[in-house]
>>> print(open('target.cif').read())   # mmCIF, C-alpha atoms and all ligand atoms
data_model
#
loop_
_atom_site.label_atom_id
_atom_site.label_comp_id
_atom_site.auth_asym_id
_atom_site.auth_seq_id
_atom_site.Cartn_x
_atom_site.Cartn_y
_atom_site.Cartn_z
CA MET A 1 -26.42 26.77 6.03
CA ASN A 2 -27.07 26.89 2.29
CA ILE A 3 -26.10 23.52 0.80
CA SER A 4 -26.05 22.78 -2.92
CA ASN A 5 -27.96 19.77 -4.20
CA ASN A 6 -26.64 20.08 -7.75
CA PRO A 7 -26.03 16.65 -9.22
CA PHE A 8 -22.58 15.82 -10.56
CA SER A 9 -20.78 12.89 -12.08
CA ALA A 10 -17.30 11.40 -12.06
CA ASN A 11 -15.94 8.43 -13.98
CA GLY A 12 -19.37 7.58 -15.34
CA ILE A 13 -21.13 7.56 -11.97
CA ASN A 14 -23.86 10.11 -11.22
CA TYR A 15 -24.30 11.57 -7.76
CA SER A 16 -27.43 13.39 -6.54
CA PRO A 17 -26.59 14.70 -3.07
CA ALA A 18 -29.17 15.79 -0.52
CA GLU A 19 -29.10 19.30 0.97
CA LYS A 20 -27.41 17.93 4.08
CA PRO A 21 -23.78 17.61 5.11
CA ILE A 22 -22.35 14.42 3.63
CA VAL A 23 -19.47 12.78 5.47
CA VAL A 24 -17.61 9.69 4.32
CA ILE A 25 -15.13 8.22 6.78
CA CYS A 26 -12.42 5.73 5.90
CA ILE A 27 -11.57 3.98 9.16
CA ASP A 28 -8.11 2.92 8.07
CA GLY A 29 -7.32 -0.74 8.77
CA SER A 30 -10.67 -1.38 10.40
CA ALA A 31 -11.35 -5.06 10.03
CA ASP A 32 -14.97 -5.75 10.98
CA GLU A 33 -13.75 -7.50 14.17
CA TYR A 34 -12.85 -4.11 15.65
CA LEU A 35 -16.42 -2.86 15.28
CA ASP A 36 -17.93 -6.14 16.39
CA THR A 37 -15.82 -6.40 19.51
CA THR A 38 -16.29 -2.79 20.57
CA MET A 39 -20.04 -3.01 19.96
CA ALA A 40 -20.21 -6.27 21.91
CA PHE A 41 -18.89 -4.33 24.91
CA ASP A 42 -21.49 -1.61 24.26
CA ARG A 43 -18.82 0.99 23.69
CA MET A 44 -19.99 2.25 20.28
CA PRO A 45 -23.57 3.38 20.91
CA ASN A 46 -23.69 5.77 17.94
CA LEU A 47 -22.37 3.24 15.47
CA LYS A 48 -24.79 0.68 16.82
CA LYS A 49 -27.62 3.15 16.20
CA MET A 50 -26.33 3.66 12.63
CA ALA A 51 -26.24 -0.08 12.08
CA THR A 52 -29.78 -0.63 13.31
CA SER A 53 -31.54 2.44 11.88
CA GLY A 54 -29.34 2.70 8.78
CA TYR A 55 -27.29 -0.04 7.16
CA ARG A 56 -24.41 -2.29 8.15
CA GLY A 57 -22.87 -4.86 5.84
CA MET A 58 -19.64 -6.07 4.28
CA VAL A 59 -18.04 -4.76 1.09
CA ARG A 60 -15.11 -5.89 -1.04
CA GLY A 61 -12.10 -3.60 -1.23
CA ALA A 62 -9.57 -3.15 -3.99
CA LEU A 63 -6.38 -5.20 -4.19
CA PRO A 64 -3.69 -4.93 -3.07
CA SER A 65 -5.46 -4.18 0.21
CA PHE A 66 -3.29 -1.16 0.91
CA THR A 67 -4.11 2.34 2.05
CA ASN A 68 -3.37 4.52 -0.95
CA VAL A 69 -4.82 2.00 -3.43
CA ASN A 70 -8.16 1.94 -1.64
CA ASN A 71 -8.23 5.64 -0.79
CA SER A 72 -7.68 6.36 -4.49
CA SER A 73 -10.55 4.00 -5.31
CA ILE A 74 -12.86 5.60 -2.74
CA VAL A 75 -12.40 9.14 -4.10
CA THR A 76 -12.69 8.08 -7.74
CA GLY A 77 -15.31 5.32 -7.40
CA VAL A 78 -13.29 2.99 -9.64
CA SER A 79 -10.75 0.16 -9.39
CA PRO A 80 -6.93 0.45 -9.59
CA ALA A 81 -7.09 -0.76 -13.21
CA VAL A 82 -8.79 2.56 -13.99
CA HIS A 83 -7.19 5.03 -11.55
CA GLY A 84 -3.70 3.57 -11.86
CA ILE A 85 -2.58 3.66 -8.20
CA SER A 86 -1.59 0.07 -7.41
CA GLY A 87 0.57 0.59 -4.32
CA ASN A 88 3.14 2.96 -2.88
CA PHE A 89 5.77 1.70 -5.33
CA PHE A 90 6.01 0.10 -8.72
CA TYR A 91 8.93 -0.96 -10.89
CA ASP A 92 9.14 0.88 -14.18
CA ALA A 93 10.87 -1.75 -16.31
CA ASP A 94 11.43 0.63 -19.25
CA LYS A 95 13.31 3.11 -17.05
CA ASP A 96 14.73 0.38 -14.78
CA GLN A 97 13.57 2.40 -11.79
CA GLU A 98 11.52 1.75 -8.69
CA VAL A 99 9.05 4.61 -8.69
CA MET A 100 7.07 5.96 -5.74
CA MET A 101 3.50 6.76 -6.76
CA ASN A 102 2.18 8.74 -3.80
CA SER A 103 1.43 11.74 -5.94
CA ALA A 104 -1.44 12.85 -8.13
CA GLU A 105 0.71 12.75 -11.27
CA TYR A 106 0.16 8.95 -11.24
CA LEU A 107 -3.61 9.25 -10.88
CA ARG A 108 -5.41 8.45 -14.14
CA ALA A 109 -8.98 9.23 -13.12
CA GLU A 110 -10.78 12.33 -11.90
CA THR A 111 -11.99 12.42 -8.32
CA LEU A 112 -15.62 12.76 -7.32
CA LEU A 113 -14.45 15.29 -4.70
CA ALA A 114 -13.25 17.62 -7.46
CA ALA A 115 -16.53 17.06 -9.32
CA ALA A 116 -18.53 17.85 -6.17
CA SER A 117 -16.56 21.05 -5.63
CA ASN A 118 -17.18 22.08 -9.24
CA ALA A 119 -20.90 21.47 -8.69
CA GLY A 120 -20.96 23.93 -5.80
CA ARG A 121 -20.41 21.76 -2.73
CA LYS A 122 -18.04 23.01 -0.04
CA VAL A 123 -15.64 20.10 -0.09
CA ALA A 124 -13.07 19.24 2.56
CA VAL A 125 -10.57 16.42 2.75
CA VAL A 126 -8.89 15.72 6.05
CA THR A 127 -6.41 12.87 6.10
CA ALA A 128 -4.29 11.62 8.97
CA LYS A 129 -1.18 11.06 6.86
CA GLU A 130 0.27 13.78 4.69
CA LYS A 131 1.21 11.23 1.99
CA LEU A 132 -2.44 10.92 0.90
CA ARG A 133 -3.26 14.60 0.62
CA ASP A 134 -1.92 15.17 -2.88
CA ILE A 135 -3.93 12.37 -4.51
CA LEU A 136 -7.13 12.97 -2.54
CA SER A 137 -7.24 16.70 -3.25
CA HIS A 138 -6.28 16.46 -6.92
CA LYS A 139 -7.84 19.36 -8.87
CA MET A 140 -10.26 19.98 -6.02
CA LYS A 141 -11.43 23.44 -4.97
CA GLY A 142 -11.85 23.52 -1.22
CA ILE A 143 -10.02 22.52 1.91
CA ALA A 144 -7.45 19.73 2.17
CA PHE A 145 -5.01 19.13 4.98
CA SER A 146 -3.49 16.33 7.02
CA ALA A 147 -3.45 15.82 10.76
CA GLU A 148 0.26 15.11 10.47
CA LYS A 149 1.02 18.60 9.11
CA ALA A 150 -2.07 20.48 10.29
CA ASN A 151 -0.02 23.40 11.61
CA GLN A 152 1.57 23.92 8.17
CA ALA A 153 -1.67 24.33 6.20
CA LYS A 154 -1.99 27.62 4.28
CA ARG A 155 -4.91 29.15 2.45
CA GLU A 156 -3.09 29.27 -0.92
CA THR A 157 -2.14 25.59 -0.88
CA HIS A 158 -4.60 23.94 1.53
CA GLY A 159 -7.66 26.23 1.34
CA ILE A 160 -7.40 27.07 5.05
CA ASP A 161 -5.21 28.99 7.51
CA ASN A 162 -4.74 28.44 11.24
CA VAL A 163 -6.07 24.88 11.36
CA GLU A 164 -5.25 24.51 15.06
CA GLU A 165 -7.40 27.55 15.89
CA VAL A 166 -10.23 26.65 13.54
CA THR A 167 -10.45 23.08 14.83
CA GLY A 168 -9.51 23.84 18.42
CA HIS A 169 -6.97 21.01 18.44
CA LYS A 170 -3.18 20.82 18.33
CA THR A 171 -1.38 18.95 15.57
CA PRO A 172 -1.18 15.36 16.87
CA ALA A 173 1.68 12.85 16.74
CA ILE A 174 1.29 10.69 13.62
CA TYR A 175 1.94 7.41 15.47
CA SER A 176 -1.08 7.75 17.72
CA GLY A 177 -4.81 7.21 18.01
CA ASP A 178 -5.09 10.98 18.31
CA ALA A 179 -4.05 11.40 14.67
CA SER A 180 -7.33 9.71 13.65
CA LEU A 181 -9.44 11.45 16.30
CA PHE A 182 -8.04 14.78 15.13
CA VAL A 183 -9.35 14.07 11.61
CA LEU A 184 -12.88 13.45 12.92
CA ARG A 185 -12.75 16.50 15.21
CA ALA A 186 -11.53 18.67 12.36
CA GLY A 187 -14.44 17.46 10.21
CA ILE A 188 -16.92 18.40 12.96
CA ALA A 189 -15.39 21.88 13.31
CA LEU A 190 -15.49 22.49 9.54
CA ILE A 191 -19.20 21.66 9.41
CA GLU A 192 -19.99 23.66 12.56
CA LYS A 193 -18.25 26.73 11.13
CA GLY A 194 -19.95 26.43 7.76
CA LEU A 195 -16.64 25.81 5.99
CA ALA A 196 -17.57 22.41 4.51
CA ASP A 197 -20.68 20.40 3.66
CA PHE A 198 -19.11 17.50 1.73
CA LEU A 199 -16.30 15.75 3.54
CA TYR A 200 -13.93 12.87 3.15
CA LEU A 201 -12.23 11.97 6.42
CA SER A 202 -9.44 9.43 6.07
CA LEU A 203 -7.97 8.08 9.32
CA THR A 204 -4.76 6.15 10.00
CA ASP A 205 -4.29 2.51 10.95
CA TYR A 206 -1.51 2.91 13.51
CA MET A 207 -3.76 1.64 16.31
CA GLN A 208 -4.95 -1.38 14.30
CA HIS A 209 -1.38 -2.25 13.32
CA THR A 210 -0.43 -2.15 16.99
CA TYR A 211 -3.42 -3.57 18.90
CA SER A 212 -5.76 -6.50 18.36
CA PRO A 213 -9.53 -5.88 18.41
CA GLU A 214 -10.01 -7.07 22.01
CA ALA A 215 -7.14 -5.00 23.48
CA GLU A 216 -8.32 -2.28 25.85
CA GLU A 217 -6.36 0.26 23.76
CA SER A 218 -8.49 -0.65 20.71
CA LEU A 219 -11.75 -0.57 22.64
CA ALA A 220 -10.94 2.87 24.08
CA PHE A 221 -9.91 4.15 20.66
CA TYR A 222 -13.10 2.95 18.96
CA GLU A 223 -15.16 4.34 21.83
CA ALA A 224 -13.50 7.73 21.34
CA MET A 225 -14.17 7.58 17.58
CA ASP A 226 -17.79 6.75 18.30
CA THR A 227 -18.18 9.90 20.39
CA GLU A 228 -17.00 12.01 17.44
CA ILE A 229 -19.22 10.12 14.98
CA GLY A 230 -22.13 10.92 17.30
CA LYS A 231 -21.36 14.64 16.95
CA LEU A 232 -21.42 14.34 13.16
CA LEU A 233 -24.86 12.73 13.39
CA GLN A 234 -25.99 15.50 15.77
CA LEU A 235 -25.05 18.02 13.07
CA GLY A 236 -27.54 16.36 10.73
CA ALA A 237 -24.94 14.76 8.49
CA ILE A 238 -25.49 11.68 6.38
CA VAL A 239 -22.52 9.57 7.45
CA GLY A 240 -21.04 6.64 5.55
CA ALA A 241 -18.11 4.68 6.95
CA THR A 242 -15.97 1.95 5.50
CA ALA A 243 -12.34 0.80 5.62
CA ASP A 244 -9.53 0.72 3.08
CA HIS A 245 -8.48 -2.76 4.25
CA GLY A 246 -8.69 -5.12 7.21
CA MET A 247 -5.85 -6.15 9.48
CA ASN A 248 -4.50 -9.51 10.63
CA SER A 249 -1.81 -10.77 12.93
CA LYS A 250 1.17 -12.05 10.93
CA ILE A 251 3.21 -13.87 13.55
CA LYS A 252 4.33 -17.39 14.42
CA PRO A 253 3.26 -19.03 17.69
CA ASP A 254 6.45 -17.71 19.33
CA GLY A 255 5.47 -14.14 18.42
CA SER A 256 8.11 -13.60 15.74
CA PRO A 257 7.12 -12.24 12.29
CA ASN A 258 5.87 -14.93 9.90
CA VAL A 259 7.73 -13.83 6.77
CA LEU A 260 8.57 -15.42 3.43
CA PHE A 261 11.45 -13.57 1.75
CA VAL A 262 10.43 -14.21 -1.84
CA GLU A 263 13.48 -12.83 -3.66
CA ASP A 264 15.80 -15.05 -1.58
CA MET A 265 13.53 -18.07 -2.12
CA LEU A 266 13.53 -17.56 -5.89
CA GLU A 267 17.27 -17.00 -6.10
CA GLU A 268 17.96 -20.17 -4.14
CA LYS A 269 15.70 -22.22 -6.41
CA PHE A 270 16.25 -20.62 -9.84
CA GLY A 271 19.43 -18.49 -9.58
CA ASN A 272 19.49 -14.72 -9.95
CA GLY A 273 17.42 -12.49 -12.22
CA PHE A 274 14.50 -11.66 -9.92
CA ARG A 275 13.24 -8.39 -8.52
CA VAL A 276 10.54 -8.45 -5.86
CA ILE A 277 8.61 -5.22 -5.25
CA CYS A 278 6.77 -4.75 -1.96
CA PRO A 279 4.19 -2.11 -2.86
CA ILE A 280 3.42 -1.52 0.84
CA THR A 281 6.84 0.12 1.27
CA ASP A 282 6.47 3.70 2.48
CA PRO A 283 8.14 6.11 4.90
CA TYR A 284 5.90 5.00 7.78
CA VAL A 285 7.88 1.84 8.64
CA LYS A 286 6.92 1.75 12.29
CA HIS A 287 3.59 0.16 11.34
CA HIS A 288 4.67 -2.85 9.36
CA GLY A 289 8.36 -2.93 8.42
CA ALA A 290 7.34 -2.82 4.73
CA LEU A 291 5.85 -6.30 5.07
CA GLY A 292 2.41 -7.06 3.68
CA SER A 293 0.62 -10.01 2.13
CA TYR A 294 1.10 -8.98 -1.51
CA VAL A 295 4.24 -8.65 -3.63
CA VAL A 296 4.97 -8.22 -7.31
CA VAL A 297 7.73 -10.26 -8.98
CA HIS A 298 9.71 -9.16 -12.04
CA ILE A 299 11.60 -11.88 -13.87
CA ASN A 300 14.47 -11.21 -16.29
CA ASP A 301 14.09 -14.48 -18.17
CA LYS A 302 10.51 -14.41 -19.44
CA SER A 303 10.71 -18.04 -20.56
CA ILE A 304 10.65 -19.32 -16.97
CA ILE A 305 7.63 -17.30 -15.76
CA ASN A 306 5.33 -20.32 -15.82
CA ASP A 307 7.81 -22.57 -13.98
CA VAL A 308 8.30 -19.92 -11.30
CA LYS A 309 4.56 -19.45 -11.00
CA ASN A 310 3.94 -23.17 -10.54
CA TRP A 311 6.72 -23.52 -7.99
CA LEU A 312 5.61 -20.51 -5.93
CA ALA A 313 2.02 -21.73 -5.96
CA ILE A 314 2.90 -24.86 -3.95
CA GLN A 315 5.03 -23.13 -1.30
CA PRO A 316 3.46 -23.22 2.18
CA GLY A 317 2.10 -19.81 3.18
CA ILE A 318 1.54 -18.67 -0.39
CA THR A 319 -2.14 -18.74 -1.33
CA GLU A 320 -2.31 -17.17 -4.79
CA VAL A 321 0.07 -16.59 -7.69
CA HIS A 322 -1.14 -14.82 -10.82
CA ASP A 323 0.54 -13.96 -14.09
CA LYS A 324 0.20 -10.47 -15.49
CA VAL A 325 -2.85 -11.18 -17.65
CA THR A 326 -4.74 -12.73 -14.76
CA ALA A 327 -3.64 -10.05 -12.26
CA THR A 328 -4.85 -7.37 -14.63
CA ARG A 329 -8.29 -8.93 -14.92
CA LEU A 330 -8.89 -10.70 -11.60
CA LEU A 331 -7.06 -8.29 -9.30
CA GLU A 332 -8.05 -5.20 -11.34
CA GLN A 333 -4.44 -4.04 -11.75
CA PRO A 334 -3.06 -1.45 -14.20
CA GLU A 335 -1.10 -3.61 -16.60
CA ASP A 336 1.91 -1.30 -16.93
CA ARG A 337 2.33 -1.01 -13.15
CA THR A 338 2.25 -4.65 -12.18
CA GLY A 339 4.87 -7.36 -12.65
CA ASP A 340 5.29 -10.73 -14.33
CA LEU A 341 3.77 -12.39 -11.28
CA VAL A 342 1.68 -11.24 -8.34
CA VAL A 343 1.98 -13.25 -5.11
CA LEU A 344 -0.48 -13.23 -2.21
CA SER A 345 0.11 -14.92 1.15
CA ALA A 346 -2.03 -16.53 3.83
CA ARG A 347 -3.93 -14.75 6.56
CA ASP A 348 -1.05 -15.07 9.05
CA VAL A 349 1.84 -14.73 6.58
CA VAL A 350 3.60 -11.73 5.04
CA VAL A 351 5.80 -11.74 1.97
CA GLY A 352 8.97 -9.67 1.72
CA ARG A 353 11.98 -9.19 -0.51
CA ARG A 354 15.16 -10.05 1.42
CA PRO A 355 15.83 -9.58 5.14
CA GLN A 356 18.06 -6.54 4.55
CA TYR A 357 15.14 -4.61 2.99
CA HIS A 358 13.00 -4.91 6.10
CA ASP A 359 13.79 -3.22 9.39
CA LEU A 360 11.89 -5.42 11.83
CA SER A 361 13.42 -3.60 14.80
CA ALA A 362 11.28 -0.55 13.88
CA LEU A 363 8.09 -2.47 14.63
CA ASP A 364 6.14 -1.71 17.78
CA SER A 365 6.46 -5.17 19.42
CA THR A 366 4.22 -7.21 17.10
CA LEU A 367 3.43 -7.60 13.41
CA ARG A 368 -0.10 -6.92 12.26
CA SER A 369 -0.44 -6.12 8.60
CA HIS A 370 -2.53 -6.35 5.43
CA GLY A 371 -2.26 -6.26 1.65
CA GLY A 372 -3.73 -9.61 0.66
CA ARG A 373 -7.00 -11.43 0.16
CA TYR A 374 -7.65 -11.86 3.89
CA GLU A 375 -7.86 -8.11 4.40
CA GLU A 376 -10.05 -7.53 1.37
CA MET A 377 -13.54 -7.66 2.93
CA VAL A 378 -14.34 -4.65 5.10
CA PRO A 379 -17.39 -3.19 6.83
CA MET A 380 -19.71 -0.55 5.40
CA ILE A 381 -22.04 1.39 7.68
CA ILE A 382 -24.48 4.09 6.58
CA SER A 383 -26.39 6.33 8.99
CA HIS A 384 -29.60 6.35 6.93
CA PRO A 385 -31.66 3.43 5.61
CA LEU A 386 -30.96 2.32 2.06
CA ASN A 387 -33.58 2.76 -0.61
CA ALA A 388 -34.90 -0.25 -2.52
CA ALA A 389 -32.40 -0.02 -5.39
CA TYR A 390 -29.38 0.15 -3.05
CA LYS A 391 -30.66 -2.66 -0.84
CA ILE A 392 -30.42 -4.82 -3.93
CA LYS A 393 -26.93 -3.47 -4.72
CA ALA A 394 -25.84 -4.13 -1.13
CA ALA A 395 -26.85 -7.77 -1.49
CA ALA A 396 -24.82 -8.17 -4.69
CA ASP A 397 -21.06 -7.47 -4.75
CA PRO A 398 -20.73 -3.93 -3.37
CA ARG A 399 -17.27 -2.42 -3.12
CA ASN A 400 -15.77 -0.19 -0.46
CA PHE A 401 -15.20 2.34 -3.22
CA ASP A 402 -18.97 2.54 -3.76
CA ILE A 403 -19.18 4.27 -0.37
CA PHE A 404 -19.90 7.74 -1.78
CA ASP A 405 -22.45 6.24 -4.18
CA PHE A 406 -24.22 4.44 -1.32
CA THR A 407 -24.03 7.39 1.08
CA ILE A 408 -25.32 9.87 -1.52
CA ASN A 409 -27.58 7.92 -3.88
CA GLY A 410 -28.53 5.06 -1.58
CA THR A 411 -30.18 7.21 1.08
CA ASN A 412 -32.46 9.45 -0.96
ZN ZN B 501 -4.63 1.63 5.52
#
>>> encode(input="target.cif", output="structure tokens")
Amino acid sequence: MNISNNPFSANGINYSPAEKPIVVICIDGSADEYLDTTMAFDRMPNLKKMATSGYRGMVRGALPSFTNVNNSSIVTGVSPAVHGISGNFFYDADKDQEVMMNSAEYLRAETLLAAASNAGRKVAVVTAKEKLRDILSHKMKGIAFSAEKANQAKRETHGIDNVEEVTGHKTPAIYSGDASLFVLRAGIALIEKGLADFLYLSLTDYMQHTYSPEAEESLAFYEAMDTEIGKLLQLGAIVGATADHGMNSKIKPDGSPNVLFVEDMLEEKFGNGFRVICPITDPYVKHHGALGSYVVVHINDKSIINDVKNWLAIQPGITEVHDKVTATRLLEQPEDRTGDLVVLSARDVVVGRRPQYHDLSALDSTLRSHGGRYEEMVPMIISHPLNAAYKIKAAADPRNFDIFDFTINGTN
């Protein structure tokens, strides 16, 4: 296989890839506890090998700790303040509209995947969920398809025909562990067939939303992932893995969801004039019922912002409240896509709008979710040892969206 080692850059970051397949995996929703627990039972031998002969550490994700925010950061190498994707939804106050931003038209930065393809790498993006494909493959020459709609991929639009034949696997159900395993298996097939040498494989967090780290279902799922990761290593790939966010249980001792309905709370205390946006809201409600640990509050009467902020800050279960200026700086948010206040909740608490906006009956038996500070720190594992410069970076404040930088520049 003839692999290009042309350097390229994106958003001010230079990349000098080796002449080897490069694979970055986003293990969606993989809090470090999942890896720890599975490794403790000796069911991830390949990852254990990566951790001992390469690198394993913790990195800080982007906030809100949601999927599309962090996937956008990973493929651009920059924070939401720069790339502009701050959730699945934002409220456009000028147009008085709640706008879905799961499309590349809202992306304000170039992707390093497009830059790599322009530099001569054979780039492939495989994502579990179709909703991410548009942003991840923005202006990229190469292959991009989702597990969810694998059987609909076409050469003109996806860079590949007959995905099921090429990969040897049927299109999986989206609410399954197989959706993630399919992504890894597809990546292996693309390398084996010489169709790709620079891959971003983005999994789905359905399993993590549904099962705790010590559940047998989780252990079996991570063990199955490990088998596929082993095949990538066998192919001579440099493999870097991280997560978009962690995952925590958000229930009361009786097992019911531990929710604060912020719009109702504010209306009861201050009267009407509030709009709460839950940027986790997306069509995949079965995971989380649109409940996460981060909401954005819009307030009609700007003169009461500070009073509302101070009141929210002392409510049990709420751990952080920031005004727009602070959210823009501290939480790295795009100013025009955040609200008057940003509210984050405790490790075991989710924040919502009003009960009628959240279909809790759609949940699979329990509520595990993310979005806040307690799902911000995630693992980073690299198959090859870090060079001196990146060992120093790893000991500073590395980000999950440095994963391509570490995997490419940290191992040469
Ligand atoms: Zn996710």
>>> residues_near_ligand(input="target.cif", ligand="ligand ZN 501 (chain B)", cutoff="7 Å", atoms="only C-alpha atoms and all ligand atoms", output="PyMOL selection string")
chain A and resi 28-29+66-67+204-205+244-245
>>> residues_near_point(input="target.cif", point="(-4.0, -9.7, 2.2)", cutoff="9 Å", atoms="all atoms listed in the file", output="PyMOL selection string")
chain A and resi 63-66+245-248+292-294+344-347+349-350+369-376
>>> residues_around(input="target.cif", residues="range 257-267 of chain A", least_positions_apart="6", cutoff="6 Å", atoms="only C-alpha atoms", output="PDB file with C-alpha atoms, keeping the file's coordinate frame")
ATOM      1  CA  LYS A 250       1.170 -12.050  10.930  1.00  0.00           C
ATOM      2  CA  ILE A 251       3.210 -13.870  13.550  1.00  0.00           C
ATOM      3  CA  VAL A 276      10.540  -8.450  -5.860  1.00  0.00           C
ATOM      4  CA  VAL A 349       1.840 -14.730   6.580  1.00  0.00           C
ATOM      5  CA  VAL A 350       3.600 -11.730   5.040  1.00  0.00           C
ATOM      6  CA  VAL A 351       5.800 -11.740   1.970  1.00  0.00           C
ATOM      7  CA  GLY A 352       8.970  -9.670   1.720  1.00  0.00           C
ATOM      8  CA  ARG A 353      11.980  -9.190  -0.510  1.00  0.00           C
ATOM      9  CA  ARG A 354      15.160 -10.050   1.420  1.00  0.00           C
TER      10      ARG A 354
END
>>> residues_around(input="target.cif", residues="range 210-223 of chain A", least_positions_apart="2", cutoff="12 Å", atoms="only C-alpha atoms", output="number ranges by chain")
A: 27-48, 175-181, 204-208, 225-230, 246-250, 286-288, 363-369
>>> closest_residue(input="target.cif", among="A:Gly240, A:Phe89, A:Glu98, A:Gln234", to="Ile25 in chain A", atoms="only C-alpha atoms")
A:Gly240
>>> closest_residue(input="target.cif", among="A:Leu113, A:Asp94, A:Pro379, A:Val82", to="Tyr15 in chain A", atoms="only C-alpha atoms")
A:Leu113
>>> axis_aligned_box(input="target.cif", around="range 187-205 of chain A", padding_each_side="5 Å", output="JSON")
{"center_x": -12.5, "center_y": 14.6, "center_z": 7.5, "size_x": 26.4, "size_y": 34.2, "size_z": 21.6}
